[in-house]
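> File structure_2.cif below, mmCIF, C-alpha atoms:
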```
data_structure
loop_
_atom_site.label_atom_id
_atom_site.label_comp_id
_atom_site.auth_asym_id
_atom_site.auth_seq_id
_atom_site.Cartn_x
_atom_site.Cartn_y
_atom_site.Cartn_z
CA MET A 1 14.59 -24.83 -15.94
CA ILE A 2 11.06 -25.47 -17.16
CA HIS A 3 10.37 -24.66 -20.76
CA ALA A 4 9.35 -21.05 -21.42
CA ALA A 5 6.17 -22.15 -23.19
CA PHE A 6 4.78 -23.47 -19.91
CA MET A 7 5.52 -20.38 -17.84
CA ASN A 8 2.85 -17.94 -16.81
CA PHE A 9 3.01 -14.13 -17.09
CA LEU A 10 4.55 -13.65 -13.65
CA GLU A 11 7.20 -16.35 -14.06
CA HIS A 12 8.15 -14.77 -17.40
CA ARG A 13 8.47 -11.35 -15.78
CA ILE A 14 10.55 -12.71 -12.91
CA LEU A 15 12.98 -14.24 -15.41
CA GLN A 16 13.14 -10.97 -17.34
CA GLU A 17 13.58 -8.52 -14.47
CA GLY A 18 14.11 -10.37 -11.20
CA ILE A 19 17.54 -10.22 -9.61
CA VAL A 20 18.77 -13.12 -7.48
CA LYS A 21 20.98 -12.08 -4.57
CA GLU A 22 23.00 -14.11 -2.12
CA GLY A 23 21.01 -15.27 0.89
CA ASN A 24 18.05 -16.60 -1.05
CA ILE A 25 16.82 -13.13 -1.97
CA LEU A 26 14.78 -12.46 -5.10
CA LYS A 27 14.46 -8.76 -5.91
CA VAL A 28 11.44 -7.81 -7.99
CA ASP A 29 11.56 -4.11 -7.11
CA SER A 30 11.17 -2.99 -10.69
CA PHE A 31 7.56 -4.19 -11.05
CA LEU A 32 6.16 -5.58 -7.79
CA ASN A 33 7.25 -4.03 -4.51
CA HIS A 34 8.94 -0.69 -4.98
CA GLN A 35 8.00 0.37 -8.47
CA ILE A 36 4.58 -1.07 -9.30
CA ASP A 37 3.87 -1.92 -12.91
CA MET A 38 0.15 -1.61 -13.56
CA GLY A 39 0.07 -4.20 -16.34
CA ILE A 40 1.44 -6.99 -14.15
CA MET A 41 -0.62 -5.83 -11.16
CA LYS A 42 -3.81 -6.07 -13.23
CA GLU A 43 -2.85 -9.58 -14.39
CA ILE A 44 -2.13 -10.69 -10.81
CA ALA A 45 -5.48 -9.35 -9.57
CA HIS A 46 -7.36 -11.03 -12.45
CA GLU A 47 -5.50 -14.29 -11.84
CA PHE A 48 -6.63 -14.30 -8.19
CA GLN A 49 -10.22 -13.56 -9.26
CA CYS A 50 -10.03 -16.53 -11.57
CA ARG A 51 -8.36 -18.94 -9.13
CA PHE A 52 -10.75 -18.09 -6.27
CA LYS A 53 -13.95 -17.87 -8.30
CA ASP A 54 -15.40 -20.87 -6.46
CA CYS A 55 -14.60 -19.32 -3.03
CA PRO A 56 -16.88 -16.34 -2.42
CA PHE A 57 -15.23 -13.71 -0.25
CA ASN A 58 -16.47 -10.36 1.03
CA LYS A 59 -13.22 -8.92 2.34
CA ILE A 60 -9.53 -8.92 1.44
CA LEU A 61 -6.90 -8.85 4.17
CA THR A 62 -3.26 -7.99 3.56
CA ILE A 63 -0.38 -6.52 5.55
CA GLU A 64 1.47 -3.28 5.03
CA SER A 65 3.22 -2.37 2.82
CA SER A 66 3.80 -4.24 -0.38
CA GLY A 67 0.63 -6.35 -0.30
CA ILE A 68 -1.51 -3.22 -0.46
CA ALA A 69 -1.21 -2.59 -4.21
CA ILE A 70 -2.28 -6.13 -5.17
CA ALA A 71 -5.08 -6.10 -2.59
CA THR A 72 -6.35 -2.72 -3.80
CA LEU A 73 -6.68 -3.73 -7.45
CA LEU A 74 -8.28 -7.04 -6.53
CA GLY A 75 -10.67 -5.20 -4.20
CA PHE A 76 -11.51 -2.80 -7.02
CA PHE A 77 -12.19 -5.57 -9.57
CA HIS A 78 -14.13 -7.67 -7.08
CA ASP A 79 -15.86 -4.71 -5.39
CA VAL A 80 -15.04 -5.69 -1.81
CA PRO A 81 -13.24 -3.69 0.90
CA VAL A 82 -9.58 -4.22 1.67
CA VAL A 83 -8.19 -4.22 5.20
CA PHE A 84 -4.49 -3.97 5.77
CA ALA A 85 -3.01 -5.15 9.03
CA LYS A 86 -0.57 -2.71 10.54
CA LYS A 87 2.83 -3.49 11.99
CA ALA A 88 4.25 -1.95 15.12
CA GLU A 89 7.19 -2.76 17.34
CA THR A 90 4.81 -2.71 20.26
CA ALA A 91 1.05 -3.07 20.38
CA ASN A 92 -1.03 -3.69 23.46
CA CYS A 93 -3.85 -6.16 23.30
CA THR A 94 -6.77 -3.87 23.93
CA ASP A 95 -10.50 -3.99 23.55
CA ASP A 96 -10.29 -2.23 20.24
CA LYS A 97 -7.90 -4.39 18.25
CA TYR A 98 -6.82 -7.92 17.44
CA VAL A 99 -3.07 -8.40 17.84
CA SER A 100 -0.75 -11.12 16.62
CA THR A 101 3.01 -11.37 16.07
CA ALA A 102 5.22 -12.23 13.12
CA TYR A 103 8.98 -12.47 12.95
CA SER A 104 10.33 -10.39 10.07
CA PHE A 105 13.39 -12.00 8.48
CA THR A 106 13.93 -8.83 6.46
CA HIS A 107 14.08 -6.60 9.53
CA ARG A 108 15.33 -9.30 11.92
CA ARG A 109 12.81 -8.52 14.60
CA LYS A 110 9.43 -9.62 15.87
CA ASN A 111 6.66 -7.31 14.73
CA HIS A 112 3.29 -6.95 16.29
CA VAL A 113 0.57 -7.07 13.67
CA PHE A 114 -2.89 -5.74 14.35
CA VAL A 115 -6.31 -4.98 12.92
CA SER A 116 -8.89 -2.78 14.61
CA ARG A 117 -11.84 -4.89 15.69
CA PRO A 118 -14.59 -3.22 13.64
CA TYR A 119 -12.85 -4.23 10.38
CA LEU A 120 -12.99 -7.98 10.95
CA GLN A 121 -16.43 -9.38 11.73
CA ALA A 122 -17.41 -12.93 12.62
CA THR A 123 -19.51 -13.13 9.44
CA ASP A 124 -16.59 -12.18 7.17
CA ARG A 125 -15.28 -14.58 4.55
CA VAL A 126 -11.74 -13.33 4.12
CA LEU A 127 -9.28 -13.78 1.27
CA ILE A 128 -5.72 -13.13 2.46
CA VAL A 129 -3.32 -11.77 -0.17
CA ASP A 130 0.34 -10.83 -0.14
CA ASP A 131 3.19 -10.30 -2.57
CA PHE A 132 5.60 -12.87 -1.07
CA LEU A 133 5.34 -16.05 0.97
CA ALA A 134 8.50 -17.46 2.51
CA ASP A 135 8.41 -18.80 6.07
CA GLY A 136 4.73 -17.96 6.38
CA GLU A 137 5.16 -15.71 9.42
CA ALA A 138 3.00 -12.92 8.01
CA ALA A 139 0.37 -15.31 6.60
CA HIS A 140 0.03 -17.11 9.93
CA ALA A 141 -0.31 -13.79 11.78
CA LEU A 142 -3.09 -12.73 9.38
CA ILE A 143 -4.86 -16.09 9.77
CA ASP A 144 -4.62 -15.66 13.55
CA LEU A 145 -6.24 -12.21 13.34
CA VAL A 146 -9.10 -13.58 11.21
CA HIS A 147 -9.67 -16.42 13.66
CA GLN A 148 -9.57 -14.08 16.67
CA ALA A 149 -12.49 -12.25 15.03
CA GLY A 150 -14.35 -15.54 14.56
CA ALA A 151 -14.28 -15.01 10.80
CA SER A 152 -13.21 -17.55 8.16
CA VAL A 153 -10.25 -17.68 5.81
CA VAL A 154 -11.51 -18.75 2.37
CA GLY A 155 -8.05 -18.77 0.84
CA ILE A 156 -4.62 -17.27 0.55
CA GLY A 157 -3.41 -15.66 -2.67
CA ILE A 158 0.32 -15.09 -3.06
CA ALA A 159 2.17 -13.57 -6.00
CA ILE A 160 5.55 -15.27 -5.38
CA GLU A 161 6.07 -18.26 -3.11
CA LYS A 162 9.62 -19.21 -2.18
CA ALA A 163 9.28 -22.98 -1.91
CA GLN A 164 12.73 -23.45 -0.38
CA GLN A 165 11.19 -22.07 2.80
CA LYS A 166 8.50 -23.91 4.67
CA GLY A 167 5.58 -21.44 4.67
CA GLY A 168 3.69 -22.70 1.64
CA ASP A 169 3.92 -26.40 2.46
CA THR A 170 2.91 -25.76 6.08
CA LEU A 171 -0.17 -23.80 5.02
CA ARG A 172 -1.18 -26.54 2.55
CA ALA A 173 -0.66 -29.20 5.24
CA GLU A 174 -2.88 -27.16 7.55
CA GLY A 175 -5.61 -27.39 4.93
CA TYR A 176 -5.64 -23.84 3.63
CA ARG A 177 -6.47 -23.18 0.02
CA LEU A 178 -3.22 -21.55 -1.07
CA GLU A 179 -2.77 -20.20 -4.59
CA SER A 180 0.67 -18.91 -5.51
CA ILE A 181 1.06 -17.55 -9.02
CA ALA A 182 4.80 -18.22 -9.19
CA ILE A 183 6.43 -20.87 -7.00
CA VAL A 184 10.20 -20.56 -6.91
CA GLU A 185 11.74 -23.94 -6.21
CA SER A 186 15.34 -22.83 -6.37
CA MET A 187 17.46 -19.93 -7.46
CA ASP A 188 21.11 -19.21 -7.89
CA ALA A 189 22.78 -15.84 -7.55
CA CYS A 190 25.88 -16.89 -9.47
CA SER A 191 24.13 -17.93 -12.65
CA GLN A 192 21.09 -15.67 -12.05
CA SER A 193 18.83 -18.66 -12.67
CA VAL A 194 15.41 -19.31 -11.16
CA ARG A 195 13.56 -22.62 -11.30
CA PHE A 196 9.78 -22.67 -10.88
CA ARG A 197 7.51 -25.48 -9.72
CA PRO A 198 5.36 -26.51 -12.69
CA GLN A 199 1.67 -25.68 -12.25
CA ASN A 200 -1.39 -26.55 -14.30
CA MET B 1 -19.79 24.52 9.43
CA ILE B 2 -20.21 24.95 5.71
CA HIS B 3 -23.53 23.93 4.26
CA ALA B 4 -23.80 20.27 3.30
CA ALA B 5 -24.84 21.16 -0.25
CA PHE B 6 -21.39 22.59 -0.93
CA MET B 7 -19.45 19.66 0.43
CA ASN B 8 -17.74 17.17 -1.84
CA PHE B 9 -17.88 13.36 -1.56
CA LEU B 10 -14.85 13.12 0.73
CA GLU B 11 -15.96 15.88 3.08
CA HIS B 12 -19.35 14.17 3.36
CA ARG B 13 -17.72 10.86 4.19
CA ILE B 14 -15.43 12.45 6.79
CA LEU B 15 -18.46 13.95 8.53
CA GLN B 16 -20.25 10.59 8.43
CA GLU B 17 -17.46 8.32 9.61
CA GLY B 18 -14.46 10.36 10.75
CA ILE B 19 -13.65 10.42 14.45
CA VAL B 20 -11.98 13.47 15.97
CA LYS B 21 -9.58 12.67 18.80
CA GLU B 22 -7.75 14.92 21.22
CA GLY B 23 -4.42 16.14 19.90
CA ASN B 24 -5.70 17.25 16.50
CA ILE B 25 -6.19 13.69 15.27
CA LEU B 26 -8.75 12.78 12.62
CA LYS B 27 -9.32 9.04 12.33
CA VAL B 28 -10.63 7.85 8.98
CA ASP B 29 -9.67 4.22 9.50
CA SER B 30 -13.02 2.90 8.35
CA PHE B 31 -12.61 3.93 4.71
CA LEU B 32 -9.17 5.42 3.99
CA ASN B 33 -6.16 4.09 5.86
CA HIS B 34 -6.87 0.80 7.58
CA GLN B 35 -10.02 -0.48 5.93
CA ILE B 36 -10.14 0.77 2.34
CA ASP B 37 -13.52 1.42 0.82
CA MET B 38 -13.31 0.93 -2.93
CA GLY B 39 -16.13 3.37 -3.75
CA ILE B 40 -14.41 6.32 -2.08
CA MET B 41 -10.99 5.22 -3.34
CA LYS B 42 -12.29 5.24 -6.93
CA GLU B 43 -13.77 8.72 -6.44
CA ILE B 44 -10.49 10.03 -5.00
CA ALA B 45 -8.48 8.63 -7.92
CA HIS B 46 -10.94 10.08 -10.48
CA GLU B 47 -10.90 13.44 -8.70
CA PHE B 48 -7.09 13.58 -8.99
CA GLN B 49 -7.30 12.64 -12.67
CA CYS B 50 -9.71 15.50 -13.17
CA ARG B 51 -7.81 18.09 -11.12
CA PHE B 52 -4.46 17.29 -12.76
CA LYS B 53 -5.72 16.84 -16.33
CA ASP B 54 -3.72 19.87 -17.48
CA CYS B 55 -0.49 18.53 -15.87
CA PRO B 56 0.73 15.50 -17.80
CA PHE B 57 2.59 13.05 -15.57
CA ASN B 58 4.24 9.73 -16.35
CA LYS B 59 4.87 8.47 -12.80
CA ILE B 60 3.16 8.57 -9.42
CA LEU B 61 5.24 8.75 -6.25
CA THR B 62 3.87 8.02 -2.80
CA ILE B 63 5.21 6.78 0.53
CA GLU B 64 4.40 3.59 2.39
CA SER B 65 1.92 2.65 3.64
CA SER B 66 -1.41 4.39 3.41
CA GLY B 67 -0.70 6.36 0.22
CA ILE B 68 -0.25 3.12 -1.73
CA ALA B 69 -3.94 2.32 -2.23
CA ILE B 70 -4.78 5.76 -3.68
CA ALA B 71 -1.64 5.76 -5.83
CA THR B 72 -2.40 2.26 -7.15
CA LEU B 73 -5.92 3.06 -8.33
CA LEU B 74 -4.81 6.35 -9.87
CA GLY B 75 -1.93 4.54 -11.58
CA PHE B 76 -4.39 1.96 -12.89
CA PHE B 77 -6.84 4.57 -14.27
CA HIS B 78 -4.06 6.71 -15.72
CA ASP B 79 -1.90 3.78 -16.87
CA VAL B 80 1.36 4.97 -15.33
CA PRO B 81 3.67 3.18 -12.89
CA VAL B 82 3.59 3.90 -9.17
CA VAL B 83 6.71 4.13 -7.05
CA PHE B 84 6.45 4.06 -3.29
CA ALA B 85 9.25 5.48 -1.20
CA LYS B 86 10.27 3.21 1.65
CA LYS B 87 10.88 4.20 5.23
CA ALA B 88 13.69 2.89 7.38
CA GLU B 89 15.17 3.95 10.67
CA THR B 90 18.56 3.92 9.01
CA ALA B 91 19.50 4.14 5.37
CA ASN B 92 22.93 4.84 3.98
CA CYS B 93 23.32 7.19 1.08
CA THR B 94 24.66 4.79 -1.50
CA ASP B 95 25.13 4.74 -5.22
CA ASP B 96 21.92 2.84 -5.67
CA LYS B 97 19.35 4.99 -3.89
CA TYR B 98 18.18 8.53 -3.20
CA VAL B 99 17.71 9.16 0.53
CA SER B 100 15.89 11.92 2.38
CA THR B 101 14.51 12.29 5.90
CA ALA B 102 11.11 13.08 7.36
CA TYR B 103 10.09 13.46 10.97
CA SER B 104 7.09 11.30 11.77
CA PHE B 105 4.80 12.95 14.30
CA THR B 106 2.84 9.70 14.56
CA HIS B 107 5.89 7.64 15.48
CA ARG B 108 7.83 10.52 17.09
CA ARG B 109 11.03 9.76 15.26
CA LYS B 110 12.96 10.79 12.20
CA ASN B 111 12.55 8.33 9.37
CA HIS B 112 14.83 7.90 6.45
CA VAL B 113 12.89 7.77 3.21
CA PHE B 114 14.38 6.33 0.07
CA VAL B 115 13.78 5.37 -3.54
CA SER B 116 16.09 3.14 -5.57
CA ARG B 117 17.71 5.18 -8.31
CA PRO B 118 16.40 3.33 -11.36
CA TYR B 119 12.81 4.22 -10.43
CA LEU B 120 13.23 7.99 -10.65
CA GLN B 121 14.72 9.28 -13.87
CA ALA B 122 15.65 12.85 -14.83
CA THR B 123 13.01 12.80 -17.57
CA ASP B 124 10.18 11.84 -15.19
CA ARG B 125 7.23 14.16 -14.62
CA VAL B 126 6.08 13.03 -11.20
CA LEU B 127 2.74 13.42 -9.46
CA ILE B 128 3.12 12.99 -5.69
CA VAL B 129 0.09 11.60 -3.87
CA ASP B 130 -0.66 10.81 -0.25
CA ASP B 131 -3.64 10.28 2.03
CA PHE B 132 -2.81 13.03 4.57
CA LEU B 133 -0.89 16.29 4.60
CA ALA B 134 -0.16 17.92 7.95
CA ASP B 135 3.28 19.42 8.58
CA GLY B 136 4.44 18.45 5.12
CA GLU B 137 7.38 16.37 6.31
CA ALA B 138 6.60 13.42 4.04
CA ALA B 139 5.72 15.63 1.04
CA HIS B 140 8.96 17.58 1.35
CA ALA B 141 10.97 14.36 1.59
CA LEU B 142 9.30 13.05 -1.58
CA ILE B 143 9.95 16.35 -3.39
CA ASP B 144 13.58 16.13 -2.30
CA LEU B 145 13.89 12.61 -3.75
CA VAL B 146 12.39 13.76 -7.08
CA HIS B 147 14.80 16.69 -7.23
CA GLN B 148 17.80 14.51 -6.36
CA ALA B 149 16.92 12.49 -9.46
CA GLY B 150 16.74 15.67 -11.56
CA ALA B 151 13.09 14.95 -12.28
CA SER B 152 10.17 17.40 -11.97
CA VAL B 153 7.22 17.52 -9.61
CA VAL B 154 4.11 18.35 -11.64
CA GLY B 155 1.83 18.44 -8.63
CA ILE B 156 0.86 17.07 -5.25
CA GLY B 157 -2.48 15.36 -4.71
CA ILE B 158 -3.66 14.92 -1.13
CA ALA B 159 -6.87 13.32 0.11
CA ILE B 160 -7.09 15.19 3.44
CA GLU B 161 -5.11 18.32 4.29
CA LYS B 162 -5.04 19.46 7.91
CA ALA B 163 -4.84 23.22 7.44
CA GLN B 164 -4.16 23.92 11.10
CA GLN B 165 -0.67 22.63 10.39
CA LYS B 166 1.67 24.47 8.10
CA GLY B 167 2.44 21.87 5.39
CA GLY B 168 -0.15 22.91 2.80
CA ASP B 169 0.46 26.64 3.01
CA THR B 170 4.23 26.15 2.87
CA LEU B 171 3.97 24.01 -0.27
CA ARG B 172 1.68 26.58 -1.94
CA ALA B 173 4.07 29.39 -0.99
CA GLU B 174 6.90 27.37 -2.52
CA GLY B 175 4.95 27.37 -5.77
CA TYR B 176 3.82 23.73 -5.91
CA ARG B 177 0.52 22.86 -7.49
CA LEU B 178 -1.20 21.30 -4.46
CA GLU B 179 -4.67 19.80 -4.74
CA SER B 180 -6.28 18.61 -1.52
CA ILE B 181 -9.73 17.08 -1.85
CA ALA B 182 -10.75 17.91 1.73
CA ILE B 183 -9.09 20.73 3.65
CA VAL B 184 -9.83 20.57 7.37
CA GLU B 185 -9.63 24.07 8.85
CA SER B 186 -10.54 23.09 12.36
CA MET B 187 -11.95 20.22 14.33
CA ASP B 188 -13.16 19.63 17.84
CA ALA B 189 -13.05 16.34 19.71
CA CYS B 190 -15.66 17.43 22.26
CA SER B 191 -18.42 18.22 19.79
CA GLN B 192 -17.05 15.89 17.08
CA SER B 193 -17.29 18.75 14.59
CA VAL B 194 -15.08 19.34 11.56
CA ARG B 195 -14.94 22.57 9.58
CA PHE B 196 -13.69 22.48 5.97
CA ARG B 197 -12.16 25.25 3.87
CA PRO B 198 -14.64 26.02 1.08
CA GLN B 199 -13.36 25.04 -2.39
CA ASN B 200 -14.70 25.69 -5.87
#
```
Hey, can you dump this file as structure tokens for me?


Amino acid sequence: MIHAAFMNFLEHRILQEGIVKEGNILKVDSFLNHQIDMGIMKEIAHEFQCRFKDCPFNKILTIESSGIAIATLLGFFHDVPVVFAKKAETANCTDDKYVSTAYSFTHRRKNHVFVSRPYLQATDRVLIVDDFLADGEAAHALIDLVHQAGASVVGIGIAIEKAQQKGGDTLRAEGYRLESIAIVESMDACSQSVRFRPQN
Amino acid sequence: MIHAAFMNFLEHRILQEGIVKEGNILKVDSFLNHQIDMGIMKEIAHEFQCRFKDCPFNKILTIESSGIAIATLLGFFHDVPVVFAKKAETANCTDDKYVSTAYSFTHRRKNHVFVSRPYLQATDRVLIVDDFLADGEAAHALIDLVHQAGASVVGIGIAIEKAQQKGGDTLRAEGYRLESIAIVESMDACSQSVRFRPQN
């Protein structure tokens, strides 16, 4: 366990209210992705503004559902539009939308993920945001959609990265600017303990 | 068509950017429920604050996905938490959640809709918000969840009500305080015209 003095606001909140369940599950329903606490949401949005201040972006891309709240407040503070990719069990590649796929470990199925073409333009500089990053399936699908549009990904902002899974390290190895506010290195359901990767 | 001078900001925007499709479909993807324009979102949230200023509420309830952006900004301005009900094809009634059902005309299936019990308390005064109201299936499911918790519904705030369908009139007849910013009385895909119900 890292010392409390070095933890940030989100790590503190996770220790206070997060519940660790068997199967590497961290439940933060009480403030992040079922009930949304506005205080923590505001801090998350401001933290992303701060961490990406050297990466100008004109659009935020997220995926339904739980990324929408973070994306909306960040879009409001930064005054840029938010686009949320939609999920469907089936989606045809058509002239009017970009389609990618992502396996959902939560729902144990492959989802199609799409954005209508007018909402991603080749000139867009896109910041991708989401509440969780685990295997990186959703993040890679969003990156794929941005690239299909010929637009650029300026960075990826994640509230909670689960570092036991490979998503974060893969994205860093691929050269993406990834900023995760809390990086969970390990957790244990028995003792209800969570260990975070130290950050500057 | 009502005269432009009497239209509000949302009605204006619908006429500018909305697309009427066969089957009584109004697409407002460019600013409301796929790409989210922060200017209009801010106006919608402020309009709800204004319309419900005599109805104190301590919690906002919406349903994933497209209600989340409106609910988040309203929650931010009003400094109250937002809860979003989740949809699932199956959900067991268990000790830990309230479950209701709503038929989705978009997806042509019955969805289970649920909220974890800790996030609706008997003392809560809940404002329900959503982007669209048509047959009222989602609104009635949310009301049901609030009532299961023993909490009260102080009002229902809707961005766009489709008055050709029965949801709005049913809710008013049931005595709910329903505020819809734009009420579409009729629309025509051929001429791309939309007629709104005049409001004060």

> Could you give me, as a PyMOL selection string, the residues that have an atom at most 12 Å away from the point (9.6, 8.8, -3.3) in the coordinates of the file, using only C-alpha atoms?

(chain A and resi 34-35) or (chain B and resi 59-64+67-68+71+82-87+97-102+112-121+126-130+138-149+151+153)

> Run the PyMOL selection byres ((chain A and resi 187) around 12) on the file and write out the hits as a PyMOL selection string.

chain A and resi 1+14-15+18-27+162-164+183-186+188-197

> Report as a list in words the residues that result from applying the PyMOL selection byres ((chain A and resi 55) around 12) to the structure here.

Phe48, Gln49, Cys50, Arg51, Phe52, Lys53, Asp54, Pro56, Phe57, Asn58, Lys59, Arg125, Val126, Leu127, Ser152, Val153, Val154, Gly155, Ile156, Gly157, Arg177, Leu178 and Glu179 of chain A

> In Å to one decimal, how far is atom CA of Phe31 of chain A from atom CA of Thr106 of chain B?

29.5 Å

> Using all atoms listed in the file, which of B:Ile158, B:Ala88, B:Ile36, B:Ile44 sits nearest chain A?

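The closest residue to chain A is B:Ile36.
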
> For a test of reading the model, state the distance in Å between atom CA of Met38 of chain A and atom CA of Gly168 of chain A, rounded to one decimal.

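Atom-to-atom, atom CA of Met38 of chain A and atom CA of Gly168 of chain A are spaced 26.2 Å apart.
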
> Report, in Å to a single decimal, how far apart atom CA of Ser30 of chain A and atom CA of Phe9 of chain A are.

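Atom CA of Ser30 of chain A lies at a distance of 15.2 Å from atom CA of Phe9 of chain A.
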
> At a cut-off of 9 Å from (4.2, -20.6, 5.0) in the coordinates of the file, what residues are picked up using only C-alpha atoms, written as a list in words?

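Residues with an atom close enough to that point: Leu133, Ala134, Asp135, Gly136, Glu137, Ala138, Ala139, His140, Glu161, Ala163, Gln165, Lys166, Gly167, Gly168, Asp169, Thr170, Leu171 and Arg172 of chain A.
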
> May I have the centre and edge lengths, in Å to one decimal, of an axis-aligned box around the listed atoms of segment 133-146 of chain A with 5 Å added to every side, as JSON?


```
{"center_x": -0.3, "center_y": -15.5, "center_z": 7.3, "size_x": 27.6, "size_y": 16.6, "size_z": 22.6}
```

> Would you mind listing what lies within 10 Å of Ile40 of chain A as number ranges by chain, with all atoms listed in the file counted and same-chain residues fewer than 6 positions away left out?

A: 9-10, 13, 31-32, 46, 70

> Next, the residues of the selection above should be written as a PDB file, keeping the file's coordinate frame with C-alpha atoms.


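The resulting file, out13.pdb, is shown below:
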```
ATOM      1  CA  PHE A   9       3.010 -14.130 -17.090  1.00  0.00           C
ATOM      2  CA  LEU A  10       4.550 -13.650 -13.650  1.00  0.00           C
ATOM      3  CA  ARG A  13       8.470 -11.350 -15.780  1.00  0.00           C
ATOM      4  CA  PHE A  31       7.560  -4.190 -11.050  1.00  0.00           C
ATOM      5  CA  LEU A  32       6.160  -5.580  -7.790  1.00  0.00           C
ATOM      6  CA  HIS A  46      -7.360 -11.030 -12.450  1.00  0.00           C
ATOM      7  CA  ILE A  70      -2.280  -6.130  -5.170  1.00  0.00           C
TER       8      ILE A  70
END
```

> Under the rule that only C-alpha atoms are counted, which of B:Ala69, B:Ala45, B:Ile160, B:Ala173 is the nearest residue to chain A?

B:Ala69

> Can you work out which one of A:Lys42, A:Glu11, A:Phe105, A:Lys110 has the shortest atom-to-atom distance to chain B, counting all atoms listed in the file?

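Comparing A:Lys42, A:Glu11, A:Phe105, A:Lys110 against chain B, the winner is A:Lys42.
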